[in-house]
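K.L.:
My structure is in model_34.cif, and what it holds is mmCIF, N, CA and C atoms:
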data_input
#
loop_
_atom_site.group_PDB
_atom_site.id
_atom_site.type_symbol
_atom_site.label_atom_id
_atom_site.label_comp_id
_atom_site.auth_asym_id
_atom_site.auth_seq_id
_atom_site.Cartn_x
_atom_site.Cartn_y
_atom_site.Cartn_z
ATOM 1 N N MET E 196 -97.969 -10.094 -86.504
ATOM 2 C CA MET E 196 -97.423 -9.719 -85.222
ATOM 3 C C MET E 196 -97.519 -10.924 -84.288
ATOM 4 N N ASN E 197 -96.472 -11.168 -83.525
ATOM 5 C CA ASN E 197 -96.446 -12.231 -82.526
ATOM 6 C C ASN E 197 -96.606 -11.591 -81.149
ATOM 7 N N TYR E 198 -97.573 -12.095 -80.388
ATOM 8 C CA TYR E 198 -97.758 -11.518 -79.052
ATOM 9 C C TYR E 198 -98.324 -12.533 -78.066
ATOM 10 N N VAL E 199 -98.086 -12.235 -76.797
ATOM 11 C CA VAL E 199 -98.628 -13.013 -75.687
ATOM 12 C C VAL E 199 -99.998 -12.416 -75.400
ATOM 13 N N SER E 200 -101.050 -13.199 -75.601
ATOM 14 C CA SER E 200 -102.396 -12.658 -75.442
ATOM 15 C C SER E 200 -102.974 -12.864 -74.048
ATOM 16 N N ALA E 201 -102.523 -13.904 -73.338
ATOM 17 C CA ALA E 201 -103.078 -14.177 -72.008
ATOM 18 C C ALA E 201 -102.156 -15.101 -71.221
ATOM 19 N N VAL E 202 -102.244 -14.973 -69.913
ATOM 20 C CA VAL E 202 -101.592 -15.914 -69.001
ATOM 21 C C VAL E 202 -102.688 -16.450 -68.097
ATOM 22 N N THR E 203 -102.931 -17.756 -68.177
ATOM 23 C CA THR E 203 -103.930 -18.390 -67.323
ATOM 24 C C THR E 203 -103.215 -19.080 -66.165
ATOM 25 N N SER E 204 -103.949 -19.832 -65.388
ATOM 26 C CA SER E 204 -103.348 -20.510 -64.242
ATOM 27 C C SER E 204 -102.431 -21.658 -64.642
ATOM 28 N N GLU E 205 -102.512 -22.094 -65.924
ATOM 29 C CA GLU E 205 -101.677 -23.229 -66.316
ATOM 30 C C GLU E 205 -101.018 -23.108 -67.677
ATOM 31 N N SER E 206 -101.276 -22.015 -68.404
ATOM 32 C CA SER E 206 -100.601 -21.865 -69.697
ATOM 33 C C SER E 206 -100.511 -20.400 -70.121
ATOM 34 N N VAL E 207 -99.585 -20.171 -71.033
ATOM 35 C CA VAL E 207 -99.427 -18.861 -71.663
ATOM 36 C C VAL E 207 -99.970 -19.018 -73.082
ATOM 37 N N ARG E 208 -100.909 -18.160 -73.452
ATOM 38 C CA ARG E 208 -101.491 -18.226 -74.785
ATOM 39 C C ARG E 208 -100.794 -17.194 -75.674
ATOM 40 N N ILE E 209 -100.321 -17.656 -76.836
ATOM 41 C CA ILE E 209 -99.657 -16.759 -77.774
ATOM 42 C C ILE E 209 -100.407 -16.739 -79.099
ATOM 43 N N VAL E 210 -100.284 -15.627 -79.794
ATOM 44 C CA VAL E 210 -100.833 -15.466 -81.131
ATOM 45 C C VAL E 210 -99.650 -15.224 -82.049
ATOM 46 N N THR E 211 -99.596 -15.973 -83.142
ATOM 47 C CA THR E 211 -98.461 -15.840 -84.058
ATOM 48 C C THR E 211 -98.938 -15.601 -85.477
ATOM 49 N N SER E 212 -98.145 -14.862 -86.199
ATOM 50 C CA SER E 212 -98.390 -14.683 -87.628
ATOM 51 C C SER E 212 -97.131 -15.179 -88.329
ATOM 52 N N GLY E 213 -97.187 -16.385 -88.808
ATOM 53 C CA GLY E 213 -96.020 -16.987 -89.430
ATOM 54 C C GLY E 213 -95.561 -18.203 -88.641
ATOM 55 N N THR E 214 -94.346 -18.622 -88.898
ATOM 56 C CA THR E 214 -93.825 -19.810 -88.238
ATOM 57 C C THR E 214 -93.252 -19.466 -86.871
ATOM 58 N N MET E 215 -93.334 -20.429 -85.966
ATOM 59 C CA MET E 215 -92.760 -20.265 -84.632
ATOM 60 C C MET E 215 -91.316 -20.723 -84.644
ATOM 61 N N SER E 216 -90.521 -20.116 -83.780
ATOM 62 C CA SER E 216 -89.139 -20.569 -83.646
ATOM 63 C C SER E 216 -89.143 -21.956 -83.013
ATOM 64 N N PRO E 217 -88.097 -22.750 -83.259
ATOM 65 C CA PRO E 217 -88.034 -24.101 -82.673
ATOM 66 C C PRO E 217 -88.101 -24.086 -81.141
ATOM 67 N N ASP E 218 -87.521 -23.067 -80.496
ATOM 68 C CA ASP E 218 -87.574 -22.976 -79.028
ATOM 69 C C ASP E 218 -89.006 -22.860 -78.529
ATOM 70 N N ILE E 219 -89.779 -22.055 -79.204
ATOM 71 C CA ILE E 219 -91.169 -21.850 -78.785
ATOM 72 C C ILE E 219 -92.032 -23.037 -79.178
ATOM 73 N N GLU E 220 -91.827 -23.568 -80.359
ATOM 74 C CA GLU E 220 -92.607 -24.725 -80.800
ATOM 75 C C GLU E 220 -92.391 -25.923 -79.874
ATOM 76 N N ALA E 221 -91.178 -26.067 -79.338
ATOM 77 C CA ALA E 221 -90.887 -27.170 -78.426
ATOM 78 C C ALA E 221 -91.681 -27.048 -77.123
ATOM 79 N N LEU E 222 -92.022 -25.830 -76.730
ATOM 80 C CA LEU E 222 -92.787 -25.601 -75.502
ATOM 81 C C LEU E 222 -94.295 -25.668 -75.721
ATOM 82 N N ALA E 223 -94.732 -25.517 -76.963
ATOM 83 C CA ALA E 223 -96.146 -25.307 -77.265
ATOM 84 C C ALA E 223 -96.966 -26.591 -77.313
ATOM 85 N N THR E 224 -98.206 -26.444 -76.918
ATOM 86 C CA THR E 224 -99.227 -27.474 -77.098
ATOM 87 C C THR E 224 -100.431 -26.786 -77.714
ATOM 88 N N HIS E 225 -101.359 -27.553 -78.199
ATOM 89 C CA HIS E 225 -102.583 -26.993 -78.787
ATOM 90 C C HIS E 225 -102.253 -25.931 -79.829
ATOM 91 N N ILE E 226 -101.407 -26.282 -80.784
ATOM 92 C CA ILE E 226 -101.009 -25.358 -81.837
ATOM 93 C C ILE E 226 -102.049 -25.392 -82.953
ATOM 94 N N GLY E 227 -102.470 -24.237 -83.397
ATOM 95 C CA GLY E 227 -103.382 -24.190 -84.529
ATOM 96 C C GLY E 227 -103.944 -22.810 -84.756
ATOM 97 N N SER E 228 -104.242 -22.502 -86.001
ATOM 98 C CA SER E 228 -104.897 -21.250 -86.375
ATOM 99 C C SER E 228 -104.190 -20.016 -85.830
ATOM 100 N N GLY E 229 -102.864 -20.025 -85.864
ATOM 101 C CA GLY E 229 -102.123 -18.853 -85.415
ATOM 102 C C GLY E 229 -102.109 -18.653 -83.915
ATOM 103 N N GLU E 230 -102.435 -19.703 -83.174
ATOM 104 C CA GLU E 230 -102.461 -19.607 -81.712
ATOM 105 C C GLU E 230 -101.856 -20.870 -81.117
ATOM 106 N N ALA E 231 -101.226 -20.729 -79.969
ATOM 107 C CA ALA E 231 -100.676 -21.886 -79.262
ATOM 108 C C ALA E 231 -100.702 -21.615 -77.766
ATOM 109 N N HIS E 232 -100.635 -22.691 -77.013
ATOM 110 C CA HIS E 232 -100.586 -22.600 -75.555
ATOM 111 C C HIS E 232 -99.256 -23.180 -75.094
ATOM 112 N N LEU E 233 -98.606 -22.473 -74.173
ATOM 113 C CA LEU E 233 -97.333 -22.929 -73.610
ATOM 114 C C LEU E 233 -97.588 -23.226 -72.134
ATOM 115 N N PRO E 234 -97.682 -24.506 -71.774
ATOM 116 C CA PRO E 234 -98.038 -24.870 -70.405
ATOM 117 C C PRO E 234 -96.895 -24.639 -69.413
ATOM 118 N N PHE E 235 -97.285 -24.453 -68.157
ATOM 119 C CA PHE E 235 -96.320 -24.364 -67.057
ATOM 120 C C PHE E 235 -97.002 -24.902 -65.804
ATOM 121 N N SER E 236 -96.197 -25.337 -64.836
ATOM 122 C CA SER E 236 -96.786 -25.892 -63.614
ATOM 123 C C SER E 236 -96.279 -25.209 -62.354
ATOM 124 N N SER E 237 -95.441 -24.191 -62.506
ATOM 125 C CA SER E 237 -94.957 -23.452 -61.340
ATOM 126 C C SER E 237 -94.611 -22.030 -61.772
ATOM 127 N N LYS E 238 -94.419 -21.181 -60.806
ATOM 128 C CA LYS E 238 -94.050 -19.801 -61.091
ATOM 129 C C LYS E 238 -92.688 -19.732 -61.773
ATOM 130 N N VAL E 239 -91.787 -20.621 -61.390
ATOM 131 C CA VAL E 239 -90.458 -20.663 -62.019
ATOM 132 C C VAL E 239 -90.582 -21.061 -63.486
ATOM 133 N N GLU E 240 -91.413 -22.063 -63.793
ATOM 134 C CA GLU E 240 -91.630 -22.462 -65.186
ATOM 135 C C GLU E 240 -92.300 -21.340 -65.975
ATOM 136 N N LEU E 241 -93.237 -20.631 -65.355
ATOM 137 C CA LEU E 241 -93.865 -19.483 -66.016
ATOM 138 C C LEU E 241 -92.804 -18.442 -66.372
ATOM 139 N N ALA E 242 -91.910 -18.162 -65.445
ATOM 140 C CA ALA E 242 -90.830 -17.201 -65.696
ATOM 141 C C ALA E 242 -89.956 -17.665 -66.863
ATOM 142 N N GLU E 243 -89.677 -18.958 -66.934
ATOM 143 C CA GLU E 243 -88.859 -19.496 -68.022
ATOM 144 C C GLU E 243 -89.572 -19.334 -69.373
ATOM 145 N N VAL E 244 -90.869 -19.614 -69.416
ATOM 146 C CA VAL E 244 -91.638 -19.471 -70.652
ATOM 147 C C VAL E 244 -91.657 -18.010 -71.092
ATOM 148 N N LEU E 245 -91.926 -17.109 -70.157
ATOM 149 C CA LEU E 245 -91.982 -15.687 -70.506
ATOM 150 C C LEU E 245 -90.626 -15.168 -70.960
ATOM 151 N N THR E 246 -89.554 -15.689 -70.400
ATOM 152 C CA THR E 246 -88.214 -15.280 -70.823
ATOM 153 C C THR E 246 -87.933 -15.727 -72.255
ATOM 154 N N VAL E 247 -88.357 -16.934 -72.612
ATOM 155 C CA VAL E 247 -88.192 -17.407 -74.000
ATOM 156 C C VAL E 247 -88.948 -16.474 -74.947
ATOM 157 N N LEU E 248 -90.156 -16.085 -74.580
ATOM 158 C CA LEU E 248 -90.952 -15.199 -75.425
ATOM 159 C C LEU E 248 -90.347 -13.795 -75.485
ATOM 160 N N GLN E 249 -89.812 -13.334 -74.374
ATOM 161 C CA GLN E 249 -89.139 -12.033 -74.341
ATOM 162 C C GLN E 249 -87.945 -12.041 -75.297
ATOM 163 N N ARG E 250 -87.137 -13.075 -75.240
ATOM 164 C CA ARG E 250 -85.963 -13.184 -76.113
ATOM 165 C C ARG E 250 -86.352 -13.286 -77.586
ATOM 166 N N ALA E 251 -87.519 -13.872 -77.864
ATOM 167 C CA ALA E 251 -88.002 -14.007 -79.231
ATOM 168 C C ALA E 251 -88.687 -12.722 -79.716
ATOM 169 N N LYS E 252 -88.676 -11.692 -78.888
ATOM 170 C CA LYS E 252 -89.244 -10.377 -79.237
ATOM 171 C C LYS E 252 -90.756 -10.408 -79.437
ATOM 172 N N PHE E 253 -91.439 -11.271 -78.680
ATOM 173 C CA PHE E 253 -92.893 -11.242 -78.678
ATOM 174 C C PHE E 253 -93.353 -9.990 -77.948
ATOM 175 N N PHE E 254 -94.462 -9.428 -78.392
ATOM 176 C CA PHE E 254 -95.104 -8.347 -77.661
ATOM 177 C C PHE E 254 -95.927 -8.977 -76.544
ATOM 178 N N PHE E 255 -96.080 -8.274 -75.442
ATOM 179 C CA PHE E 255 -96.897 -8.720 -74.323
ATOM 180 C C PHE E 255 -98.112 -7.800 -74.265
ATOM 181 N N ALA E 256 -99.314 -8.378 -74.357
ATOM 182 C CA ALA E 256 -100.533 -7.573 -74.339
ATOM 183 C C ALA E 256 -100.653 -6.831 -73.019
ATOM 184 N N ASP E 257 -101.143 -5.609 -73.116
ATOM 185 C CA ASP E 257 -101.390 -4.782 -71.932
ATOM 186 C C ASP E 257 -102.791 -4.204 -72.061
ATOM 187 N N GLU E 258 -103.540 -4.260 -70.985
ATOM 188 C CA GLU E 258 -104.919 -3.775 -70.984
ATOM 189 C C GLU E 258 -105.155 -2.965 -69.728
ATOM 190 N N LEU E 259 -106.222 -2.185 -69.732
ATOM 191 C CA LEU E 259 -106.534 -1.357 -68.573
ATOM 192 C C LEU E 259 -107.155 -2.152 -67.434
ATOM 193 N N THR E 260 -107.739 -3.294 -67.743
ATOM 194 C CA THR E 260 -108.391 -4.101 -66.708
ATOM 195 C C THR E 260 -107.768 -5.488 -66.645
ATOM 196 N N GLY E 261 -108.035 -6.181 -65.580
ATOM 197 C CA GLY E 261 -107.546 -7.558 -65.444
ATOM 198 C C GLY E 261 -106.061 -7.616 -65.139
ATOM 199 N N TRP E 262 -105.477 -8.770 -65.426
ATOM 200 C CA TRP E 262 -104.060 -9.012 -65.169
ATOM 201 C C TRP E 262 -103.418 -9.433 -66.479
ATOM 202 N N PRO E 263 -103.138 -8.465 -67.353
ATOM 203 C CA PRO E 263 -102.612 -8.788 -68.682
ATOM 204 C C PRO E 263 -101.182 -9.315 -68.623
ATOM 205 N N PRO E 264 -100.709 -9.960 -69.679
ATOM 206 C CA PRO E 264 -99.365 -10.518 -69.714
ATOM 207 C C PRO E 264 -98.253 -9.527 -69.357
ATOM 208 N N ALA E 265 -98.377 -8.275 -69.776
ATOM 209 C CA ALA E 265 -97.353 -7.279 -69.428
ATOM 210 C C ALA E 265 -97.277 -7.090 -67.909
ATOM 211 N N ALA E 266 -98.420 -7.092 -67.246
ATOM 212 C CA ALA E 266 -98.453 -6.945 -65.785
ATOM 213 C C ALA E 266 -97.902 -8.193 -65.090
ATOM 214 N N VAL E 267 -98.173 -9.372 -65.662
ATOM 215 C CA VAL E 267 -97.622 -10.622 -65.110
ATOM 216 C C VAL E 267 -96.098 -10.555 -65.160
ATOM 217 N N PHE E 268 -95.554 -10.121 -66.302
ATOM 218 C CA PHE E 268 -94.105 -10.011 -66.431
ATOM 219 C C PHE E 268 -93.553 -9.015 -65.413
ATOM 220 N N GLN E 269 -94.216 -7.875 -65.252
ATOM 221 C CA GLN E 269 -93.763 -6.875 -64.281
ATOM 222 C C GLN E 269 -93.724 -7.451 -62.868
ATOM 223 N N GLN E 270 -94.751 -8.200 -62.487
ATOM 224 C CA GLN E 270 -94.769 -8.784 -61.149
ATOM 225 C C GLN E 270 -93.621 -9.774 -60.970
ATOM 226 N N LEU E 271 -93.392 -10.630 -61.968
ATOM 227 C CA LEU E 271 -92.293 -11.591 -61.870
ATOM 228 C C LEU E 271 -90.938 -10.875 -61.838
ATOM 229 N N ARG E 272 -90.839 -9.742 -62.511
ATOM 230 C CA ARG E 272 -89.604 -8.960 -62.468
ATOM 231 C C ARG E 272 -89.396 -8.390 -61.063
ATOM 232 N N GLU E 273 -90.454 -7.917 -60.423
ATOM 233 C CA GLU E 273 -90.363 -7.421 -59.043
ATOM 234 C C GLU E 273 -89.941 -8.532 -58.086
ATOM 235 N N GLU E 274 -90.287 -9.783 -58.409
ATOM 236 C CA GLU E 274 -89.925 -10.938 -57.593
ATOM 237 C C GLU E 274 -88.570 -11.520 -58.003
ATOM 238 N N SER E 275 -87.879 -10.855 -58.925
ATOM 239 C CA SER E 275 -86.554 -11.264 -59.427
ATOM 240 C C SER E 275 -86.560 -12.623 -60.122
ATOM 241 N N LEU E 276 -87.690 -12.992 -60.717
ATOM 242 C CA LEU E 276 -87.778 -14.251 -61.467
ATOM 243 C C LEU E 276 -87.501 -14.044 -62.952
ATOM 244 N N VAL E 277 -87.677 -12.826 -63.442
ATOM 245 C CA VAL E 277 -87.332 -12.440 -64.807
ATOM 246 C C VAL E 277 -86.615 -11.106 -64.736
ATOM 247 N N SER E 278 -85.997 -10.719 -65.824
ATOM 248 C CA SER E 278 -85.322 -9.418 -65.830
ATOM 249 C C SER E 278 -85.463 -8.786 -67.204
ATOM 250 N N GLY E 279 -85.165 -7.516 -67.257
ATOM 251 C CA GLY E 279 -85.191 -6.809 -68.523
ATOM 252 C C GLY E 279 -86.545 -6.204 -68.834
ATOM 253 N N VAL E 280 -86.654 -5.778 -70.073
ATOM 254 C CA VAL E 280 -87.828 -5.074 -70.562
ATOM 255 C C VAL E 280 -88.536 -5.955 -71.582
ATOM 256 N N VAL E 281 -89.850 -5.838 -71.653
ATOM 257 C CA VAL E 281 -90.606 -6.521 -72.695
ATOM 258 C C VAL E 281 -91.288 -5.494 -73.586
ATOM 259 N N LEU E 282 -91.494 -5.894 -74.823
ATOM 260 C CA LEU E 282 -92.267 -5.088 -75.755
ATOM 261 C C LEU E 282 -93.735 -5.233 -75.379
ATOM 262 N N MET E 283 -94.485 -4.159 -75.484
ATOM 263 C CA MET E 283 -95.865 -4.150 -75.055
ATOM 264 C C MET E 283 -96.758 -3.728 -76.209
ATOM 265 N N VAL E 284 -97.958 -4.278 -76.265
ATOM 266 C CA VAL E 284 -98.954 -3.864 -77.251
ATOM 267 C C VAL E 284 -100.307 -3.748 -76.562
ATOM 268 N N SER E 285 -101.019 -2.705 -76.913
ATOM 269 C CA SER E 285 -102.417 -2.550 -76.515
ATOM 270 C C SER E 285 -103.150 -2.048 -77.756
ATOM 271 N N TRP E 286 -104.446 -1.953 -77.685
ATOM 272 C CA TRP E 286 -105.221 -1.573 -78.860
ATOM 273 C C TRP E 286 -106.164 -0.433 -78.533
ATOM 274 N N ARG E 287 -106.133 0.605 -79.397
ATOM 275 C CA ARG E 287 -107.115 1.693 -79.310
ATOM 276 C C ARG E 287 -108.441 1.231 -79.885
ATOM 277 N N SER E 288 -108.346 0.448 -80.963
ATOM 278 C CA SER E 288 -109.509 -0.178 -81.591
ATOM 279 C C SER E 288 -108.997 -1.436 -82.288
ATOM 280 N N GLN E 289 -109.867 -2.149 -82.941
ATOM 281 C CA GLN E 289 -109.510 -3.457 -83.491
ATOM 282 C C GLN E 289 -108.252 -3.438 -84.361
ATOM 283 N N ASN E 290 -108.079 -2.472 -85.190
ATOM 284 C CA ASN E 290 -106.934 -2.422 -86.093
ATOM 285 C C ASN E 290 -105.977 -1.281 -85.769
ATOM 286 N N ALA E 291 -105.954 -0.860 -84.510
ATOM 287 C CA ALA E 291 -105.102 0.262 -84.129
ATOM 288 C C ALA E 291 -104.244 -0.099 -82.917
ATOM 289 N N PRO E 292 -103.201 -0.914 -83.123
ATOM 290 C CA PRO E 292 -102.337 -1.265 -81.984
ATOM 291 C C PRO E 292 -101.464 -0.077 -81.548
ATOM 292 N N VAL E 293 -101.144 -0.063 -80.272
ATOM 293 C CA VAL E 293 -100.241 0.923 -79.694
ATOM 294 C C VAL E 293 -99.094 0.144 -79.091
ATOM 295 N N PHE E 294 -97.868 0.503 -79.462
ATOM 296 C CA PHE E 294 -96.688 -0.235 -79.022
ATOM 297 C C PHE E 294 -95.888 0.561 -78.016
ATOM 298 N N GLY E 295 -95.188 -0.156 -77.139
ATOM 299 C CA GLY E 295 -94.310 0.455 -76.149
ATOM 300 C C GLY E 295 -93.458 -0.624 -75.519
ATOM 301 N N ASP E 296 -92.921 -0.310 -74.366
ATOM 302 C CA ASP E 296 -92.198 -1.334 -73.606
ATOM 303 C C ASP E 296 -92.430 -1.105 -72.123
ATOM 304 N N VAL E 297 -92.226 -2.172 -71.363
ATOM 305 C CA VAL E 297 -92.461 -2.132 -69.924
ATOM 306 C C VAL E 297 -91.226 -2.665 -69.237
#
Would you mind giving the structure from this file in structure tokens?
P.N.:
Amino acid sequence: MNYVSAVTSESVRIVTSGTMSPDIEALATHIGSGEAHLPFSSKVELAEVLTVLQRAKFFFADELTGWPPAAVFQQLREESLVSGVVLMVSWRSQNAPVFGDV
């Protein structure tokens, strides 16, 4: 499963199982062990990175606490920086993902 696991102040962290698309690999730094970081330096660049991941059908992690990637996307959508729906994943337990969309 490919998903956005976190959004920090300067990068988007993704988890991948398999090869990355050339569009995503071109954005990525610190690639290794099924994880990569996609840096950004502004809210507009963050929106562009998240849109690439949305188009690639990555799931966006959603959690009950904090500011998970699904919530980041929702906020940017409210600000008209991104549009559409993203696939969402959360976990009931370690091996029990729950899927939806936001």
K.L.:
Show me, as a compact mmCIF listing (two decimals) with N, CA and C atoms, in the coordinates of the input, the residues that have an atom within 7 Å of region 202-216 of chain E when counting only N, CA and C atoms, minus same-chain residues fewer than 3 positions from it.
P.N.:
# COMPACT_ATOMS: atom_id res chain seq x y z
N MET E 196 -97.97 -10.09 -86.50
CA MET E 196 -97.42 -9.72 -85.22
C MET E 196 -97.52 -10.92 -84.29
N ASN E 197 -96.47 -11.17 -83.52
CA ASN E 197 -96.45 -12.23 -82.53
C ASN E 197 -96.61 -11.59 -81.15
N TYR E 198 -97.57 -12.10 -80.39
CA TYR E 198 -97.76 -11.52 -79.05
C TYR E 198 -98.32 -12.53 -78.07
N VAL E 199 -98.09 -12.24 -76.80
CA VAL E 199 -98.63 -13.01 -75.69
C VAL E 199 -100.00 -12.42 -75.40
N ILE E 219 -89.78 -22.06 -79.20
CA ILE E 219 -91.17 -21.85 -78.78
C ILE E 219 -92.03 -23.04 -79.18
N GLU E 220 -91.83 -23.57 -80.36
CA GLU E 220 -92.61 -24.72 -80.80
C GLU E 220 -92.39 -25.92 -79.87
N ALA E 221 -91.18 -26.07 -79.34
CA ALA E 221 -90.89 -27.17 -78.43
C ALA E 221 -91.68 -27.05 -77.12
N SER E 228 -104.24 -22.50 -86.00
CA SER E 228 -104.90 -21.25 -86.38
C SER E 228 -104.19 -20.02 -85.83
N GLY E 229 -102.86 -20.02 -85.86
CA GLY E 229 -102.12 -18.85 -85.42
C GLY E 229 -102.11 -18.65 -83.92
N GLU E 230 -102.44 -19.70 -83.17
CA GLU E 230 -102.46 -19.61 -81.71
C GLU E 230 -101.86 -20.87 -81.12
N ALA E 231 -101.23 -20.73 -79.97
CA ALA E 231 -100.68 -21.89 -79.26
C ALA E 231 -100.70 -21.62 -77.77
N HIS E 232 -100.64 -22.69 -77.01
CA HIS E 232 -100.59 -22.60 -75.56
C HIS E 232 -99.26 -23.18 -75.09
N LEU E 233 -98.61 -22.47 -74.17
CA LEU E 233 -97.33 -22.93 -73.61
C LEU E 233 -97.59 -23.23 -72.13
N PRO E 234 -97.68 -24.51 -71.77
CA PRO E 234 -98.04 -24.87 -70.40
C PRO E 234 -96.90 -24.64 -69.41
N PHE E 235 -97.28 -24.45 -68.16
CA PHE E 235 -96.32 -24.36 -67.06
C PHE E 235 -97.00 -24.90 -65.80
N SER E 236 -96.20 -25.34 -64.84
CA SER E 236 -96.79 -25.89 -63.61
C SER E 236 -96.28 -25.21 -62.35
N TRP E 262 -105.48 -8.77 -65.43
CA TRP E 262 -104.06 -9.01 -65.17
C TRP E 262 -103.42 -9.43 -66.48
N PRO E 263 -103.14 -8.46 -67.35
CA PRO E 263 -102.61 -8.79 -68.68
C PRO E 263 -101.18 -9.32 -68.62
N PRO E 264 -100.71 -9.96 -69.68
CA PRO E 264 -99.36 -10.52 -69.71
C PRO E 264 -98.25 -9.53 -69.36
K.L.:
Figure out the distance between atom C of Leu245 (chain E) and atom N of His225 (chain E), please, to one decimal in Å.
P.N.:
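So the answer is 17.9 Å.
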K.L.:
Enter the distance from atom C of Leu241 (chain E) to atom C of Ala291 (chain E), in Å, rounded to one decimal.
P.N.:
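Calculated distance between atom C of Leu241 (chain E) and atom C of Ala291 (chain E) is 27.2 Å.
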K.L.:
I'd like to know which of E:Val281, E:Thr224, E:Asp218, E:Ala266 is closest to Gln249 (chain E), using all atoms listed in the file.
P.N.:
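Of E:Val281, E:Thr224, E:Asp218, E:Ala266, the one nearest Gln249 (chain E) is E:Val281, counting all atoms listed in the file.
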K.L.:
Please report, as a VMD selection string, each residue of chain E to which DSSP assigns strand (DSSP E or B) when run on this structure's backbone.
P.N.:
chain E and resid 198 to 202 206 to 210 224 to 227 230 to 234 254 to 256 282 to 288 291 to 296
K.L.:
Taking N, CA and C atoms for each residue, export the selection above as a tab-separated table (two decimals), in the coordinates of the input.
P.N.:
chain	number	residue	atom	x	y	z
E	198	TYR	N	-97.57	-12.10	-80.39
E	198	TYR	CA	-97.76	-11.52	-79.05
E	198	TYR	C	-98.32	-12.53	-78.07
E	199	VAL	N	-98.09	-12.24	-76.80
E	199	VAL	CA	-98.63	-13.01	-75.69
E	199	VAL	C	-100.00	-12.42	-75.40
E	200	SER	N	-101.05	-13.20	-75.60
E	200	SER	CA	-102.40	-12.66	-75.44
E	200	SER	C	-102.97	-12.86	-74.05
E	201	ALA	N	-102.52	-13.90	-73.34
E	201	ALA	CA	-103.08	-14.18	-72.01
E	201	ALA	C	-102.16	-15.10	-71.22
E	202	VAL	N	-102.24	-14.97	-69.91
E	202	VAL	CA	-101.59	-15.91	-69.00
E	202	VAL	C	-102.69	-16.45	-68.10
E	206	SER	N	-101.28	-22.02	-68.40
E	206	SER	CA	-100.60	-21.86	-69.70
E	206	SER	C	-100.51	-20.40	-70.12
E	207	VAL	N	-99.58	-20.17	-71.03
E	207	VAL	CA	-99.43	-18.86	-71.66
E	207	VAL	C	-99.97	-19.02	-73.08
E	208	ARG	N	-100.91	-18.16	-73.45
E	208	ARG	CA	-101.49	-18.23	-74.78
E	208	ARG	C	-100.79	-17.19	-75.67
E	209	ILE	N	-100.32	-17.66	-76.84
E	209	ILE	CA	-99.66	-16.76	-77.77
E	209	ILE	C	-100.41	-16.74	-79.10
E	210	VAL	N	-100.28	-15.63	-79.79
E	210	VAL	CA	-100.83	-15.47	-81.13
E	210	VAL	C	-99.65	-15.22	-82.05
E	224	THR	N	-98.21	-26.44	-76.92
E	224	THR	CA	-99.23	-27.47	-77.10
E	224	THR	C	-100.43	-26.79	-77.71
E	225	HIS	N	-101.36	-27.55	-78.20
E	225	HIS	CA	-102.58	-26.99	-78.79
E	225	HIS	C	-102.25	-25.93	-79.83
E	226	ILE	N	-101.41	-26.28	-80.78
E	226	ILE	CA	-101.01	-25.36	-81.84
E	226	ILE	C	-102.05	-25.39	-82.95
E	227	GLY	N	-102.47	-24.24	-83.40
E	227	GLY	CA	-103.38	-24.19	-84.53
E	227	GLY	C	-103.94	-22.81	-84.76
E	230	GLU	N	-102.44	-19.70	-83.17
E	230	GLU	CA	-102.46	-19.61	-81.71
E	230	GLU	C	-101.86	-20.87	-81.12
E	231	ALA	N	-101.23	-20.73	-79.97
E	231	ALA	CA	-100.68	-21.89	-79.26
E	231	ALA	C	-100.70	-21.62	-77.77
E	232	HIS	N	-100.64	-22.69	-77.01
E	232	HIS	CA	-100.59	-22.60	-75.56
E	232	HIS	C	-99.26	-23.18	-75.09
E	233	LEU	N	-98.61	-22.47	-74.17
E	233	LEU	CA	-97.33	-22.93	-73.61
E	233	LEU	C	-97.59	-23.23	-72.13
E	234	PRO	N	-97.68	-24.51	-71.77
E	234	PRO	CA	-98.04	-24.87	-70.40
E	234	PRO	C	-96.90	-24.64	-69.41
E	254	PHE	N	-94.46	-9.43	-78.39
E	254	PHE	CA	-95.10	-8.35	-77.66
E	254	PHE	C	-95.93	-8.98	-76.54
E	255	PHE	N	-96.08	-8.27	-75.44
E	255	PHE	CA	-96.90	-8.72	-74.32
E	255	PHE	C	-98.11	-7.80	-74.26
E	256	ALA	N	-99.31	-8.38	-74.36
E	256	ALA	CA	-100.53	-7.57	-74.34
E	256	ALA	C	-100.65	-6.83	-73.02
E	282	LEU	N	-91.49	-5.89	-74.82
E	282	LEU	CA	-92.27	-5.09	-75.76
E	282	LEU	C	-93.74	-5.23	-75.38
E	283	MET	N	-94.48	-4.16	-75.48
E	283	MET	CA	-95.86	-4.15	-75.06
E	283	MET	C	-96.76	-3.73	-76.21
E	284	VAL	N	-97.96	-4.28	-76.26
E	284	VAL	CA	-98.95	-3.86	-77.25
E	284	VAL	C	-100.31	-3.75	-76.56
E	285	SER	N	-101.02	-2.70	-76.91
E	285	SER	CA	-102.42	-2.55	-76.52
E	285	SER	C	-103.15	-2.05	-77.76
E	286	TRP	N	-104.45	-1.95	-77.68
E	286	TRP	CA	-105.22	-1.57	-78.86
E	286	TRP	C	-106.16	-0.43	-78.53
E	287	ARG	N	-106.13	0.60	-79.40
E	287	ARG	CA	-107.12	1.69	-79.31
E	287	ARG	C	-108.44	1.23	-79.89
E	288	SER	N	-108.35	0.45	-80.96
E	288	SER	CA	-109.51	-0.18	-81.59
E	288	SER	C	-109.00	-1.44	-82.29
E	291	ALA	N	-105.95	-0.86	-84.51
E	291	ALA	CA	-105.10	0.26	-84.13
E	291	ALA	C	-104.24	-0.10	-82.92
E	292	PRO	N	-103.20	-0.91	-83.12
E	292	PRO	CA	-102.34	-1.26	-81.98
E	292	PRO	C	-101.46	-0.08	-81.55
E	293	VAL	N	-101.14	-0.06	-80.27
E	293	VAL	CA	-100.24	0.92	-79.69
E	293	VAL	C	-99.09	0.14	-79.09
E	294	PHE	N	-97.87	0.50	-79.46
E	294	PHE	CA	-96.69	-0.24	-79.02
E	294	PHE	C	-95.89	0.56	-78.02
E	295	GLY	N	-95.19	-0.16	-77.14
E	295	GLY	CA	-94.31	0.46	-76.15
E	295	GLY	C	-93.46	-0.62	-75.52
E	296	ASP	N	-92.92	-0.31	-74.37
E	296	ASP	CA	-92.20	-1.33	-73.61
E	296	ASP	C	-92.43	-1.10	-72.12
